[in-house]
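Structure data follow from target-v7.pdb (PDB, C-alpha atoms and all ligand atoms):
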ATOM      1  CA  THR W  11      74.822 100.353  99.477  1.00  0.00           C
ATOM      2  CA  LYS W  12      75.730  97.008 100.906  1.00  0.00           C
ATOM      3  CA  ALA W  13      74.532  94.949 103.806  1.00  0.00           C
ATOM      4  CA  GLY W  14      76.207  96.262 106.931  1.00  0.00           C
ATOM      5  CA  VAL W  15      79.576  95.006 108.093  1.00  0.00           C
ATOM      6  CA  ARG W  16      79.807  95.158 111.874  1.00  0.00           C
ATOM      7  CA  VAL W  17      82.878  96.347 113.700  1.00  0.00           C
ATOM      8  CA  ALA W  18      83.256  92.887 115.279  1.00  0.00           C
ATOM      9  CA  ASP W  19      83.653  91.349 111.799  1.00  0.00           C
ATOM     10  CA  VAL W  20      86.499  93.582 110.662  1.00  0.00           C
ATOM     11  CA  ASP W  21      89.452  91.457 111.765  1.00  0.00           C
ATOM     12  CA  ALA W  22      88.121  88.199 110.330  1.00  0.00           C
ATOM     13  CA  LEU W  23      87.230  89.918 107.059  1.00  0.00           C
ATOM     14  CA  ALA W  24      90.664  91.523 106.958  1.00  0.00           C
ATOM     15  CA  ALA W  25      92.469  88.208 107.340  1.00  0.00           C
ATOM     16  CA  ALA W  26      90.351  86.597 104.623  1.00  0.00           C
ATOM     17  CA  SER W  27      89.678  89.354 102.132  1.00  0.00           C
ATOM     18  CA  PHE W  28      91.541  92.660 102.594  1.00  0.00           C
ATOM     19  CA  PRO W  29      94.271  93.533 100.106  1.00  0.00           C
ATOM     20  CA  LEU W  30      97.715  93.993 101.600  1.00  0.00           C
ATOM     21  CA  CYS W  31      97.457  97.827 101.709  1.00  0.00           C
ATOM     22  CA  MET W  32      94.426  97.594 104.006  1.00  0.00           C
ATOM     23  CA  GLN W  33      95.732  94.682 106.086  1.00  0.00           C
ATOM     24  CA  HIS W  34      98.814  96.784 106.763  1.00  0.00           C
ATOM     25  CA  LEU W  35      96.820  99.843 107.859  1.00  0.00           C
ATOM     26  CA  LEU W  36      94.597  97.723 110.086  1.00  0.00           C
ATOM     27  CA  HIS W  37      97.615  96.091 111.768  1.00  0.00           C
ATOM     28  CA  LYS W  38      99.132  99.509 112.333  1.00  0.00           C
ATOM     29  CA  VAL W  39      96.053 101.049 113.913  1.00  0.00           C
ATOM     30  CA  ARG W  40      95.636  97.975 116.133  1.00  0.00           C
ATOM     31  CA  ASP W  41      99.315  98.153 117.207  1.00  0.00           C
ATOM     32  CA  ASP W  42      99.770 101.922 117.511  1.00  0.00           C
ATOM     33  CA  HIS W  43      96.178 102.988 118.330  1.00  0.00           C
ATOM     34  CA  HIS W  44      96.792 105.789 115.905  1.00  0.00           C
ATOM     35  CA  LEU W  45      97.149 106.479 112.194  1.00  0.00           C
ATOM     36  CA  LYS W  46      98.146 109.698 110.514  1.00  0.00           C
ATOM     37  CA  HIS W  47      95.680 111.468 108.253  1.00  0.00           C
ATOM     38  CA  GLY W  48      96.581 109.685 105.008  1.00  0.00           C
ATOM     39  CA  GLY W  49      96.137 106.293 106.630  1.00  0.00           C
ATOM     40  CA  ARG W  50      92.866 107.245 108.299  1.00  0.00           C
ATOM     41  CA  GLN W  51      91.499 108.364 104.941  1.00  0.00           C
ATOM     42  CA  GLN W  52      92.694 105.349 102.981  1.00  0.00           C
ATOM     43  CA  LEU W  53      91.484 102.776 105.516  1.00  0.00           C
ATOM     44  CA  GLY W  54      88.402 104.701 106.654  1.00  0.00           C
ATOM     45  CA  LEU W  55      86.965 105.141 103.170  1.00  0.00           C
ATOM     46  CA  PHE W  56      87.746 101.510 102.315  1.00  0.00           C
ATOM     47  CA  LEU W  57      85.854 100.352 105.418  1.00  0.00           C
ATOM     48  CA  LYS W  58      82.966 102.586 104.468  1.00  0.00           C
ATOM     49  CA  GLY W  59      83.087 100.974 101.008  1.00  0.00           C
ATOM     50  CA  ILE W  60      82.785  97.453 102.406  1.00  0.00           C
ATOM     51  CA  GLY W  61      79.674  98.520 104.287  1.00  0.00           C
ATOM     52  CA  LEU W  62      80.809  99.625 107.757  1.00  0.00           C
ATOM     53  CA  THR W  63      78.134 102.006 109.000  1.00  0.00           C
ATOM     54  CA  LEU W  64      79.014 105.454 110.349  1.00  0.00           C
ATOM     55  CA  GLU W  65      78.092 104.365 113.854  1.00  0.00           C
ATOM     56  CA  ASP W  66      80.383 101.341 113.654  1.00  0.00           C
ATOM     57  CA  ALA W  67      83.137 103.407 112.055  1.00  0.00           C
ATOM     58  CA  LEU W  68      83.017 105.779 115.029  1.00  0.00           C
ATOM     59  CA  THR W  69      83.197 102.782 117.384  1.00  0.00           C
ATOM     60  CA  PHE W  70      86.133 101.332 115.449  1.00  0.00           C
ATOM     61  CA  TRP W  71      88.235 104.505 115.483  1.00  0.00           C
ATOM     62  CA  ARG W  72      87.219 105.548 118.993  1.00  0.00           C
ATOM     63  CA  THR W  73      88.149 102.130 120.428  1.00  0.00           C
ATOM     64  CA  GLU W  74      91.657 102.426 119.019  1.00  0.00           C
ATOM     65  CA  PHE W  75      92.398 106.124 119.403  1.00  0.00           C
ATOM     66  CA  ALA W  76      90.950 106.339 122.925  1.00  0.00           C
ATOM     67  CA  GLN W  77      93.644 103.870 124.061  1.00  0.00           C
ATOM     68  CA  LYS W  78      96.285 106.394 123.097  1.00  0.00           C
ATOM     69  CA  PHE W  79      94.599 109.780 123.522  1.00  0.00           C
ATOM     70  CA  GLY W  80      91.486 109.198 125.625  1.00  0.00           C
ATOM     71  CA  VAL W  81      87.886 109.424 124.491  1.00  0.00           C
ATOM     72  CA  ASP W  82      87.625 113.219 124.880  1.00  0.00           C
ATOM     73  CA  LYS W  83      90.442 113.952 122.483  1.00  0.00           C
ATOM     74  CA  PHE W  84      89.022 111.469 120.011  1.00  0.00           C
ATOM     75  CA  ASP W  85      85.581 113.061 120.172  1.00  0.00           C
ATOM     76  CA  LYS W  86      87.048 116.572 119.894  1.00  0.00           C
ATOM     77  CA  GLU W  87      89.696 116.052 117.242  1.00  0.00           C
ATOM     78  CA  TYR W  88      88.966 112.931 115.238  1.00  0.00           C
ATOM     79  CA  ALA W  89      85.256 112.138 115.238  1.00  0.00           C
ATOM     80  CA  TYR W  90      84.501 115.079 112.936  1.00  0.00           C
ATOM     81  CA  ASN W  91      86.724 113.619 110.224  1.00  0.00           C
ATOM     82  CA  VAL W  92      85.002 110.228 110.428  1.00  0.00           C
ATOM     83  CA  ARG W  93      81.574 111.861 110.089  1.00  0.00           C
ATOM     84  CA  HIS W  94      82.929 114.073 107.311  1.00  0.00           C
ATOM     85  CA  ASN W  95      83.963 111.006 105.287  1.00  0.00           C
ATOM     86  CA  TYR W  96      80.405 109.755 105.581  1.00  0.00           C
ATOM     87  CA  GLY W  97      79.064 113.070 104.280  1.00  0.00           C
ATOM     88  CA  LYS W  98      77.706 114.203 107.633  1.00  0.00           C
ATOM     89  CA  GLU W  99      79.826 117.340 108.053  1.00  0.00           C
ATOM     90  CA  GLY W 100      81.107 120.244 105.994  1.00  0.00           C
ATOM     91  CA  LYS W 101      80.121 120.134 102.348  1.00  0.00           C
ATOM     92  CA  ARG W 102      78.319 116.838 102.957  1.00  0.00           C
ATOM     93  CA  THR W 103      80.083 115.160 100.109  1.00  0.00           C
ATOM     94  CA  ASP W 104      79.693 111.406 100.129  1.00  0.00           C
ATOM     95  CA  TYR W 105      83.377 110.561  99.701  1.00  0.00           C
ATOM     96  CA  THR W 106      84.335 107.447  97.781  1.00  0.00           C
ATOM     97  CA  PRO W 107      87.149 104.999  98.595  1.00  0.00           C
ATOM     98  CA  TYR W 108      90.502 105.450  96.891  1.00  0.00           C
ATOM     99  CA  SER W 109      91.425 103.515  93.747  1.00  0.00           C
ATOM    100  CA  CYS W 110      94.722 101.660  93.311  1.00  0.00           C
ATOM    101  CA  ILE W 111      96.040 104.362  90.977  1.00  0.00           C
ATOM    102  CA  LYS W 112      95.387 107.029  93.586  1.00  0.00           C
ATOM    103  CA  ILE W 113      97.003 104.952  96.337  1.00  0.00           C
ATOM    104  CA  ILE W 114      99.991 103.918  94.222  1.00  0.00           C
ATOM    105  CA  SER W 115     100.663 107.522  93.219  1.00  0.00           C
ATOM    106  CA  SER W 116     100.427 108.827  96.794  1.00  0.00           C
ATOM    107  CA  THR W 117     103.655 109.771  98.549  1.00  0.00           C
ATOM    108  CA  PRO W 118     103.704 108.485 102.129  1.00  0.00           C
ATOM    109  CA  GLY W 119     106.226 110.270 104.353  1.00  0.00           C
ATOM    110  CA  VAL W 120     108.025 109.134 107.506  1.00  0.00           C
ATOM    111  CA  GLY W 121     105.527 107.641 109.956  1.00  0.00           C
ATOM    112  CA  ASP W 122     102.832 107.272 107.301  1.00  0.00           C
ATOM    113  CA  HIS W 123     101.360 103.845 106.645  1.00  0.00           C
ATOM    114  CA  HIS W 124      99.129 104.588 103.702  1.00  0.00           C
ATOM    115  CA  GLY W 125     100.144 103.812 100.141  1.00  0.00           C
ATOM    116  CA  CYS W 126     100.505 100.542  98.240  1.00  0.00           C
ATOM    117  CA  PRO W 127     102.906  98.013  99.791  1.00  0.00           C
ATOM    118  CA  TYR W 128     103.924  96.774  96.326  1.00  0.00           C
ATOM    119  CA  ARG W 129     104.972 100.305  95.422  1.00  0.00           C
ATOM    120  CA  HIS W 130     106.102 101.725  98.775  1.00  0.00           C
ATOM    121  CA  PHE W 131     107.528  98.883 100.910  1.00  0.00           C
ATOM    122  CA  SER W 132     111.188  97.950 100.782  1.00  0.00           C
ATOM    123  CA  GLN W 133     111.880  94.594  99.140  1.00  0.00           C
ATOM    124  CA  ASP W 134     112.585  92.985 102.533  1.00  0.00           C
ATOM    125  CA  ASN W 135     109.421  94.316 104.157  1.00  0.00           C
ATOM    126  CA  LEU W 136     107.303  93.289 101.207  1.00  0.00           C
ATOM    127  CA  SER W 137     108.661  89.788 101.040  1.00  0.00           C
ATOM    128  CA  ALA W 138     108.161  89.388 104.829  1.00  0.00           C
ATOM    129  CA  ALA W 139     104.567  90.637 104.513  1.00  0.00           C
ATOM    130  CA  LEU W 140     103.891  88.173 101.695  1.00  0.00           C
ATOM    131  CA  GLY W 141     105.322  85.374 103.828  1.00  0.00           C
ATOM    132  CA  ARG W 142     102.841  86.285 106.591  1.00  0.00           C
ATOM    133  CA  MET W 143     100.062  85.858 104.026  1.00  0.00           C
ATOM    134  CA  ARG W 144     101.313  82.254 103.725  1.00  0.00           C
ATOM    135  CA  LEU W 145     102.128  82.516 100.047  1.00  0.00           C
ATOM    136  CA  ASN W 146     104.468  79.871  98.706  1.00  0.00           C
ATOM    137  CA  ARG W 147     107.950  80.680  97.458  1.00  0.00           C
ATOM    138  CA  LYS W 148     106.986  80.473  93.787  1.00  0.00           C
ATOM    139  CA  THR W 149     104.158  82.985  94.219  1.00  0.00           C
ATOM    140  CA  ILE W 150     106.360  85.323  96.258  1.00  0.00           C
ATOM    141  CA  ASP W 151     109.039  85.204  93.539  1.00  0.00           C
ATOM    142  CA  ASP W 152     106.391  85.929  90.907  1.00  0.00           C
ATOM    143  CA  VAL W 153     105.052  88.890  92.917  1.00  0.00           C
ATOM    144  CA  MET W 154     108.549  90.290  93.506  1.00  0.00           C
ATOM    145  CA  THR W 155     109.358  90.062  89.787  1.00  0.00           C
ATOM    146  CA  LYS W 156     106.218  92.004  88.924  1.00  0.00           C
ATOM    147  CA  VAL W 157     107.155  94.625  91.522  1.00  0.00           C
ATOM    148  CA  LYS W 158     110.654  94.954  90.057  1.00  0.00           C
ATOM    149  CA  ASN W 159     109.002  95.637  86.698  1.00  0.00           C
ATOM    150  CA  HIS W 160     106.777  98.279  88.358  1.00  0.00           C
ATOM    151  CA  HIS W 161     103.609  96.241  87.735  1.00  0.00           C
ATOM    152  CA  TYR W 162     102.157  96.851  91.182  1.00  0.00           C
ATOM    153  CA  GLN W 163      98.545  95.972  90.402  1.00  0.00           C
ATOM    154  CA  LEU W 164      99.639  92.776  88.642  1.00  0.00           C
ATOM    155  CA  ALA W 165     101.661  91.946  91.753  1.00  0.00           C
ATOM    156  CA  CYS W 166      98.519  92.471  93.843  1.00  0.00           C
ATOM    157  CA  ALA W 167      96.501  90.251  91.487  1.00  0.00           C
ATOM    158  CA  ALA W 168      99.177  87.526  91.747  1.00  0.00           C
ATOM    159  CA  THR W 169      98.910  87.793  95.542  1.00  0.00           C
ATOM    160  CA  PHE W 170      95.140  87.478  95.266  1.00  0.00           C
ATOM    161  CA  GLU W 171      95.531  84.327  93.162  1.00  0.00           C
ATOM    162  CA  GLY W 172      98.007  82.849  95.643  1.00  0.00           C
ATOM    163  CA  VAL W 173      95.789  83.623  98.640  1.00  0.00           C
ATOM    164  CA  HIS W 174      92.590  82.337  97.036  1.00  0.00           C
ATOM    165  CA  GLY W 175      94.001  79.542  94.874  1.00  0.00           C
ATOM    166  CA  ALA W 176      91.838  80.916  92.083  1.00  0.00           C
ATOM    167  CA  PRO W 177      92.461  83.083  89.031  1.00  0.00           C
ATOM    168  CA  CYS W 178      91.704  86.808  89.080  1.00  0.00           C
ATOM    169  CA  GLU W 179      90.861  87.467  85.426  1.00  0.00           C
ATOM    170  CA  SER W 180      89.603  90.982  86.021  1.00  0.00           C
ATOM    171  CA  GLY W 181      92.897  92.135  87.524  1.00  0.00           C
ATOM    172  CA  ILE W 182      92.968  94.477  90.524  1.00  0.00           C
ATOM    173  CA  ASN W 183      92.177  98.155  90.091  1.00  0.00           C
ATOM    174  CA  HIS W 184      90.562  99.031  93.419  1.00  0.00           C
ATOM    175  CA  PRO W 185      90.964  97.762  96.990  1.00  0.00           C
ATOM    176  CA  ASN W 186      87.180  97.451  97.301  1.00  0.00           C
ATOM    177  CA  GLN W 187      87.093  95.422  94.082  1.00  0.00           C
ATOM    178  CA  TYR W 188      89.754  93.107  95.567  1.00  0.00           C
ATOM    179  CA  PHE W 189      87.501  92.704  98.591  1.00  0.00           C
ATOM    180  CA  ASP W 190      84.390  92.036  96.486  1.00  0.00           C
ATOM    181  CA  GLU W 191      86.185  89.443  94.335  1.00  0.00           C
ATOM    182  CA  SER W 192      87.421  87.745  97.483  1.00  0.00           C
ATOM    183  CA  ARG W 193      83.966  87.623  99.089  1.00  0.00           C
ATOM    184  CA  LYS W 194      82.523  86.088  95.913  1.00  0.00           C
ATOM    185  CA  ARG W 195      84.964  83.220  96.364  1.00  0.00           C
ATOM    186  CA  ALA W 196      84.196  82.893 100.058  1.00  0.00           C
ATOM    187  CA  ALA W 197      80.428  82.784  99.456  1.00  0.00           C
TER     188      ALA W 197
HETATM  189 FE1  LIG V   1      95.986  98.029  97.595  1.00  0.00          FE
HETATM  190 FE2  LIG V   1      95.651  98.321  94.970  1.00  0.00          FE
HETATM  191 FE3  LIG V   1      98.127  98.196  96.016  1.00  0.00          FE
HETATM  192 FE4  LIG V   1      96.558  96.039  95.908  1.00  0.00          FE
HETATM  193  S1  LIG V   1      97.408  97.200  94.152  1.00  0.00           S
HETATM  194  S2  LIG V   1      97.789  96.690  97.681  1.00  0.00           S
HETATM  195  S3  LIG V   1      94.540  96.902  96.307  1.00  0.00           S
HETATM  196  S4  LIG V   1      96.605  99.811  96.357  1.00  0.00           S
END

Represent the supplied structure as structure tokens.
Amino acid sequence: TKAGVRVADVDALAAASFPLCMQHLLHKVRDDHHLKHGGRQQLGLFLKGIGLTLEDALTFWRTEFAQKFGVDKFDKEYAYNVRHNYGKEGKRTDYTPYSCIKIISSTPGVGDHHGCPYRHFSQDNLSAALGRMRLNRKTIDDVMTKVKNHHYQLACAATFEGVHGAPCESGINHPNQYFDESRKRAA
């Protein structure tokens, strides 16, 4: 396990080092103070993977969800699932974060925000999201071409290279690997 990431660090780490799938989920939970189950799982297990402790995970989700539902409803209906993901409830399985393949092959429905933006966003939404990451036109065109050819992980790696101004020889196969590669460059 890794050195702890505190809840106060999440937004700065997201801006610097989260892949687009996780940046999107974080923006959504900050805006809506809610995420449906698929999004809670995808983001929650990723945050666990970067080293957010159970206690901080509960603070993170409670702070958002309580703004919409109140603390009682959070504690009654949502806290269990957070503890469950950390292996503290039910079968006590220590669940692992989702890989790119799992996320890309998921099927988000209406109102869901999980999934891989390269696979599941419309062209317009994806190109707007890439613009917000301050990628230049050439990189955006390169990413969009890879998406058209259904090379979603290559598109993510091209985004990584544009964001970091550094090559990503290993490619991207896991959101937590994207994060780790990014932190190596920040260190
Ligand atoms: Fe996330 Fe993987 Fe898609 Fe990148 S390729 S946005 S890390 S699911």

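Minimum distance to W:Lys46 across W:Asp122, W:Asp66, W:Asp134, W:Glu191 (counting all atoms listed in the file) occurs at W:Asp122.
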
* Two-atom distance - atom CA of W:Leu64, atom CA of W:Ala196 (Å) -> 25.3 Å

* Asked: Can you list, as a ChimeraX atom specification, the residues that the PyMOL selection byres (((chain W and resi 62) around 12) and not hetatm) selects here?
  -> /W:11-20,23,53-61,63-71,92,96

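Distances from W:Ile113, W:His124, W:Phe131, W:Asp82 to W:Val39 were compared using all atoms listed in the file, and the smallest one belongs to W:His124.
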
* Could you give me the residues within 10 Å of ligand LIG 1 (chain V), counting only C-alpha atoms and all ligand atoms, as a ChimeraX atom specification? => /W:28-34,52,108-116,124-130,161-170,181-189

Output for the residues just chosen: C-alpha atoms as a PDB file, in the coordinates of the input:
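Wrote selection.pdb, looks like this:
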ATOM      1  CA  PHE W  28      91.541  92.660 102.594  1.00  0.00           C
ATOM      2  CA  PRO W  29      94.271  93.533 100.106  1.00  0.00           C
ATOM      3  CA  LEU W  30      97.715  93.993 101.600  1.00  0.00           C
ATOM      4  CA  CYS W  31      97.457  97.827 101.709  1.00  0.00           C
ATOM      5  CA  MET W  32      94.426  97.594 104.006  1.00  0.00           C
ATOM      6  CA  GLN W  33      95.732  94.682 106.086  1.00  0.00           C
ATOM      7  CA  HIS W  34      98.814  96.784 106.763  1.00  0.00           C
ATOM      8  CA  GLN W  52      92.694 105.349 102.981  1.00  0.00           C
ATOM      9  CA  TYR W 108      90.502 105.450  96.891  1.00  0.00           C
ATOM     10  CA  SER W 109      91.425 103.515  93.747  1.00  0.00           C
ATOM     11  CA  CYS W 110      94.722 101.660  93.311  1.00  0.00           C
ATOM     12  CA  ILE W 111      96.040 104.362  90.977  1.00  0.00           C
ATOM     13  CA  LYS W 112      95.387 107.029  93.586  1.00  0.00           C
ATOM     14  CA  ILE W 113      97.003 104.952  96.337  1.00  0.00           C
ATOM     15  CA  ILE W 114      99.991 103.918  94.222  1.00  0.00           C
ATOM     16  CA  SER W 115     100.663 107.522  93.219  1.00  0.00           C
ATOM     17  CA  SER W 116     100.427 108.827  96.794  1.00  0.00           C
ATOM     18  CA  HIS W 124      99.129 104.588 103.702  1.00  0.00           C
ATOM     19  CA  GLY W 125     100.144 103.812 100.141  1.00  0.00           C
ATOM     20  CA  CYS W 126     100.505 100.542  98.240  1.00  0.00           C
ATOM     21  CA  PRO W 127     102.906  98.013  99.791  1.00  0.00           C
ATOM     22  CA  TYR W 128     103.924  96.774  96.326  1.00  0.00           C
ATOM     23  CA  ARG W 129     104.972 100.305  95.422  1.00  0.00           C
ATOM     24  CA  HIS W 130     106.102 101.725  98.775  1.00  0.00           C
ATOM     25  CA  HIS W 161     103.609  96.241  87.735  1.00  0.00           C
ATOM     26  CA  TYR W 162     102.157  96.851  91.182  1.00  0.00           C
ATOM     27  CA  GLN W 163      98.545  95.972  90.402  1.00  0.00           C
ATOM     28  CA  LEU W 164      99.639  92.776  88.642  1.00  0.00           C
ATOM     29  CA  ALA W 165     101.661  91.946  91.753  1.00  0.00           C
ATOM     30  CA  CYS W 166      98.519  92.471  93.843  1.00  0.00           C
ATOM     31  CA  ALA W 167      96.501  90.251  91.487  1.00  0.00           C
ATOM     32  CA  ALA W 168      99.177  87.526  91.747  1.00  0.00           C
ATOM     33  CA  THR W 169      98.910  87.793  95.542  1.00  0.00           C
ATOM     34  CA  PHE W 170      95.140  87.478  95.266  1.00  0.00           C
ATOM     35  CA  GLY W 181      92.897  92.135  87.524  1.00  0.00           C
ATOM     36  CA  ILE W 182      92.968  94.477  90.524  1.00  0.00           C
ATOM     37  CA  ASN W 183      92.177  98.155  90.091  1.00  0.00           C
ATOM     38  CA  HIS W 184      90.562  99.031  93.419  1.00  0.00           C
ATOM     39  CA  PRO W 185      90.964  97.762  96.990  1.00  0.00           C
ATOM     40  CA  ASN W 186      87.180  97.451  97.301  1.00  0.00           C
ATOM     41  CA  GLN W 187      87.093  95.422  94.082  1.00  0.00           C
ATOM     42  CA  TYR W 188      89.754  93.107  95.567  1.00  0.00           C
ATOM     43  CA  PHE W 189      87.501  92.704  98.591  1.00  0.00           C
TER      44      PHE W 189
END

Would you compute an axis-aligned box for stretch 40-58 of chain W, covering every atom listed for it in the file with 8 Å of margin on each side, and report centre and edge lengths in Å to one decimal as lines of an AutoDock Vina configuration file?
center_x = 91.4
center_y = 104.7
center_z = 110.3
size_x = 32.8
size_y = 29.5
size_z = 32.0

* Taking into account only C-alpha atoms, which residue in the set W:Pro107, W:His94, W:Tyr88, W:Lys194 is nearest to W:Ala76? -> W:Tyr88

* What does the distance between atom CA of W:Ala26 and atom CA of W:Met143 come to in Å, to one decimal place? -> 9.8 Å

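If you look at atom CA of W:Leu35 and atom CA of W:Gln51, they are 10.5 Å away from each other.
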
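Residue nearest W:Asp190, chosen from W:Ser27, W:Lys83, W:Pro118, W:Ala22 and counting only C-alpha atoms: W:Ser27.
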
Completed stretch 35-43 of chain W (all heavy atoms) as a PDB file, in the frame of the given file:
ATOM      1  N   LEU W  35      97.368  98.720 107.088  1.00  0.00           N
ATOM      2  CA  LEU W  35      96.820  99.843 107.859  1.00  0.00           C
ATOM      3  C   LEU W  35      96.075  99.346 109.093  1.00  0.00           C
ATOM      4  O   LEU W  35      96.178  99.939 110.168  1.00  0.00           O
ATOM      5  CB  LEU W  35      95.883 100.678 106.971  1.00  0.00           C
ATOM      6  CG  LEU W  35      96.597 101.594 105.974  1.00  0.00           C
ATOM      7  CD1 LEU W  35      95.605 102.136 104.950  1.00  0.00           C
ATOM      8  CD2 LEU W  35      97.316 102.744 106.691  1.00  0.00           C
ATOM      9  N   LEU W  36      95.338  98.255 108.938  1.00  0.00           N
ATOM     10  CA  LEU W  36      94.597  97.723 110.086  1.00  0.00           C
ATOM     11  C   LEU W  36      95.571  97.241 111.174  1.00  0.00           C
ATOM     12  O   LEU W  36      95.381  97.549 112.360  1.00  0.00           O
ATOM     13  CB  LEU W  36      93.669  96.592 109.640  1.00  0.00           C
ATOM     14  CG  LEU W  36      92.794  96.013 110.755  1.00  0.00           C
ATOM     15  CD1 LEU W  36      91.804  97.050 111.299  1.00  0.00           C
ATOM     16  CD2 LEU W  36      92.036  94.776 110.272  1.00  0.00           C
ATOM     17  N   HIS W  37      96.623  96.526 110.774  1.00  0.00           N
ATOM     18  CA  HIS W  37      97.615  96.091 111.768  1.00  0.00           C
ATOM     19  C   HIS W  37      98.218  97.292 112.480  1.00  0.00           C
ATOM     20  O   HIS W  37      98.418  97.261 113.687  1.00  0.00           O
ATOM     21  CB  HIS W  37      98.728  95.283 111.103  1.00  0.00           C
ATOM     22  CG  HIS W  37      98.287  93.915 110.693  1.00  0.00           C
ATOM     23  ND1 HIS W  37      98.836  93.230 109.636  1.00  0.00           N
ATOM     24  CD2 HIS W  37      97.325  93.096 111.197  1.00  0.00           C
ATOM     25  CE1 HIS W  37      98.239  92.057 109.502  1.00  0.00           C
ATOM     26  NE2 HIS W  37      97.306  91.958 110.422  1.00  0.00           N
ATOM     27  N   LYS W  38      98.500  98.331 111.732  1.00  0.00           N
ATOM     28  CA  LYS W  38      99.132  99.509 112.333  1.00  0.00           C
ATOM     29  C   LYS W  38      98.205 100.199 113.316  1.00  0.00           C
ATOM     30  O   LYS W  38      98.629 100.600 114.401  1.00  0.00           O
ATOM     31  CB  LYS W  38      99.571 100.486 111.235  1.00  0.00           C
ATOM     32  CG  LYS W  38     100.856 100.076 110.584  1.00  0.00           C
ATOM     33  CD  LYS W  38     101.988 100.119 111.604  1.00  0.00           C
ATOM     34  CE  LYS W  38     103.205  99.354 111.133  1.00  0.00           C
ATOM     35  NZ  LYS W  38     104.206  99.201 112.220  1.00  0.00           N
ATOM     36  N   VAL W  39      96.940 100.349 112.974  1.00  0.00           N
ATOM     37  CA  VAL W  39      96.053 101.049 113.913  1.00  0.00           C
ATOM     38  C   VAL W  39      95.802 100.173 115.141  1.00  0.00           C
ATOM     39  O   VAL W  39      95.700 100.681 116.267  1.00  0.00           O
ATOM     40  CB  VAL W  39      94.744 101.536 113.243  1.00  0.00           C
ATOM     41  CG1 VAL W  39      93.788 100.418 112.917  1.00  0.00           C
ATOM     42  CG2 VAL W  39      94.044 102.594 114.114  1.00  0.00           C
ATOM     43  N   ARG W  40      95.779  98.864 114.972  1.00  0.00           N
ATOM     44  CA  ARG W  40      95.636  97.975 116.133  1.00  0.00           C
ATOM     45  C   ARG W  40      96.872  98.039 117.034  1.00  0.00           C
ATOM     46  O   ARG W  40      96.755  97.993 118.249  1.00  0.00           O
ATOM     47  CB  ARG W  40      95.423  96.528 115.677  1.00  0.00           C
ATOM     48  CG  ARG W  40      94.102  96.267 114.942  1.00  0.00           C
ATOM     49  CD  ARG W  40      92.940  96.200 115.891  1.00  0.00           C
ATOM     50  NE  ARG W  40      91.727  95.677 115.266  1.00  0.00           N
ATOM     51  CZ  ARG W  40      90.527  96.243 115.386  1.00  0.00           C
ATOM     52  NH1 ARG W  40      90.372  97.364 116.061  1.00  0.00           N
ATOM     53  NH2 ARG W  40      89.479  95.686 114.826  1.00  0.00           N
ATOM     54  N   ASP W  41      98.065  98.124 116.427  1.00  0.00           N
ATOM     55  CA  ASP W  41      99.315  98.153 117.207  1.00  0.00           C
ATOM     56  C   ASP W  41      99.571  99.513 117.843  1.00  0.00           C
ATOM     57  O   ASP W  41      99.980  99.594 118.990  1.00  0.00           O
ATOM     58  CB  ASP W  41     100.521  97.842 116.297  1.00  0.00           C
ATOM     59  CG  ASP W  41     100.651  96.356 116.019  1.00  0.00           C
ATOM     60  OD1 ASP W  41      99.856  95.576 116.587  1.00  0.00           O
ATOM     61  OD2 ASP W  41     101.538  95.983 115.227  1.00  0.00           O
ATOM     62  N   ASP W  42      99.364 100.579 117.070  1.00  0.00           N
ATOM     63  CA  ASP W  42      99.770 101.922 117.511  1.00  0.00           C
ATOM     64  C   ASP W  42      98.613 102.713 118.114  1.00  0.00           C
ATOM     65  O   ASP W  42      98.831 103.757 118.711  1.00  0.00           O
ATOM     66  CB  ASP W  42     100.327 102.730 116.328  1.00  0.00           C
ATOM     67  CG  ASP W  42     101.576 102.099 115.715  1.00  0.00           C
ATOM     68  OD1 ASP W  42     102.145 101.175 116.344  1.00  0.00           O
ATOM     69  OD2 ASP W  42     101.969 102.525 114.606  1.00  0.00           O
ATOM     70  N   HIS W  43      97.377 102.257 117.908  1.00  0.00           N
ATOM     71  CA  HIS W  43      96.178 102.988 118.330  1.00  0.00           C
ATOM     72  C   HIS W  43      96.156 104.389 117.745  1.00  0.00           C
ATOM     73  O   HIS W  43      95.633 105.340 118.342  1.00  0.00           O
ATOM     74  CB  HIS W  43      96.065 103.037 119.869  1.00  0.00           C
ATOM     75  CG  HIS W  43      96.288 101.690 120.499  1.00  0.00           C
ATOM     76  ND1 HIS W  43      95.529 100.590 120.174  1.00  0.00           N
ATOM     77  CD2 HIS W  43      97.221 101.256 121.380  1.00  0.00           C
ATOM     78  CE1 HIS W  43      95.968  99.535 120.845  1.00  0.00           C
ATOM     79  NE2 HIS W  43      96.997  99.907 121.578  1.00  0.00           N
TER      80      HIS W  43
END
